[in-house]
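To start, the structure under review is shown below, and the notes come after it.
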Amino acid sequence: CTDSVSVILEADSIKEAIFNSLALAFVMDLSQSWWKCVAHVFHLSPLEDFFFKVSPKRHWTEDGYIKEARLKELFCPTFMQCIARSTHIRSGCCDSPRTFLSRGAGARRVESFLSLLVMYWICKRQLLVVLFAINTNVLPAARDLCTEFMWHKGIGVQRMWEY
C-alpha cells in the first residue's frame, strides 16, 4: 500500500504519475494471470466452486454452552467456550439458550459493524499516510525503510524522532 503510494507520489509530472498508476494497474492484472498459472500447475480448484455448509447438528446445550462433542472438533475449545459464556444473554425478552453471536441473534449486525470499523480505519490510515507524505515531502516507502533500519539498529521510538 505504501509502496504504490510512493510510486505515484514520486512522479515529477502529472503525465508521469498517470503512467505510474497505469503500471501499477498492469502489475495488479498480472497477479491475476500469475494466480491462474500457479493454479493450473499445482491443480488447485477454483475458488468460485467453494461454498459454506450449515451443519444440521445441534451444537448448543440447554444452558447455552457448546456441547463437548463439538468442542473436540474446534481449534481452541477453551477460548470458544469462554466466548460462548461471555456473549450469552439471559434477560426477559432475549431468553435464548444461544449466544448473541449465533445466526439471527445479532451476529450479522455485529459482523457488519466490525467490518465497517476495520475498513474505516484502513482507509483513514491510508489517507493519513498520503497526507503525511505530502506534508513532509518524504515518500512512505522511504519512511518505512528508515523505520525498519532504525528498529534493526536498536534505536527506540523516542530517539527515532531525533533523526
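Here, A, B, ... name the chains of the C-alpha cells in the order displayed, residue numbers run from 1 inside each chain, and ligands are numbered from 1 in the same displayed order.
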
Could I get the residues of region 23-70 of chain A with an atom no further than 12 Å from an atom of region 8-13 of chain A, each paired with its nearest atom pair and that distance in Å to one decimal, using only C-alpha atoms, sorted by chain and residue number, as a Markdown table?
```
| residue | atom | partner | partner_atom | distance |
| --- | --- | --- | --- | --- |
| A:Ala23 | CA | A:Ile8 | CA | 10.0 |
| A:Leu24 | CA | A:Ile8 | CA | 9.0 |
| A:Ala25 | CA | A:Ile8 | CA | 11.7 |
```

Could you save the residues just selected, with C-alpha atoms, as a CSV table (one decimal), in the first residue's frame?
```csv
chain,number,residue,atom,x,y,z
A,23,ALA,CA,1.9,0.5,-14.5
A,24,LEU,CA,0.5,-0.4,-11.1
A,25,ALA,CA,-2.8,-1.4,-12.7
```

Which residues come within 12 Å of Ala141 (chain A), counting only C-alpha atoms, excluding same-chain residues fewer than 5 positions away, as JSON, numbers by chain?
{"A": [1, 2, 3, 4, 5, 6, 7, 8, 9, 10, 129, 130, 133, 146, 147, 148]}

For the atom pair CA of Gln81 (chain A) and CA of His59 (chain A), what is the interatomic distance in Å to one decimal place?
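Distance reported for this atom pair: 11.7 Å.
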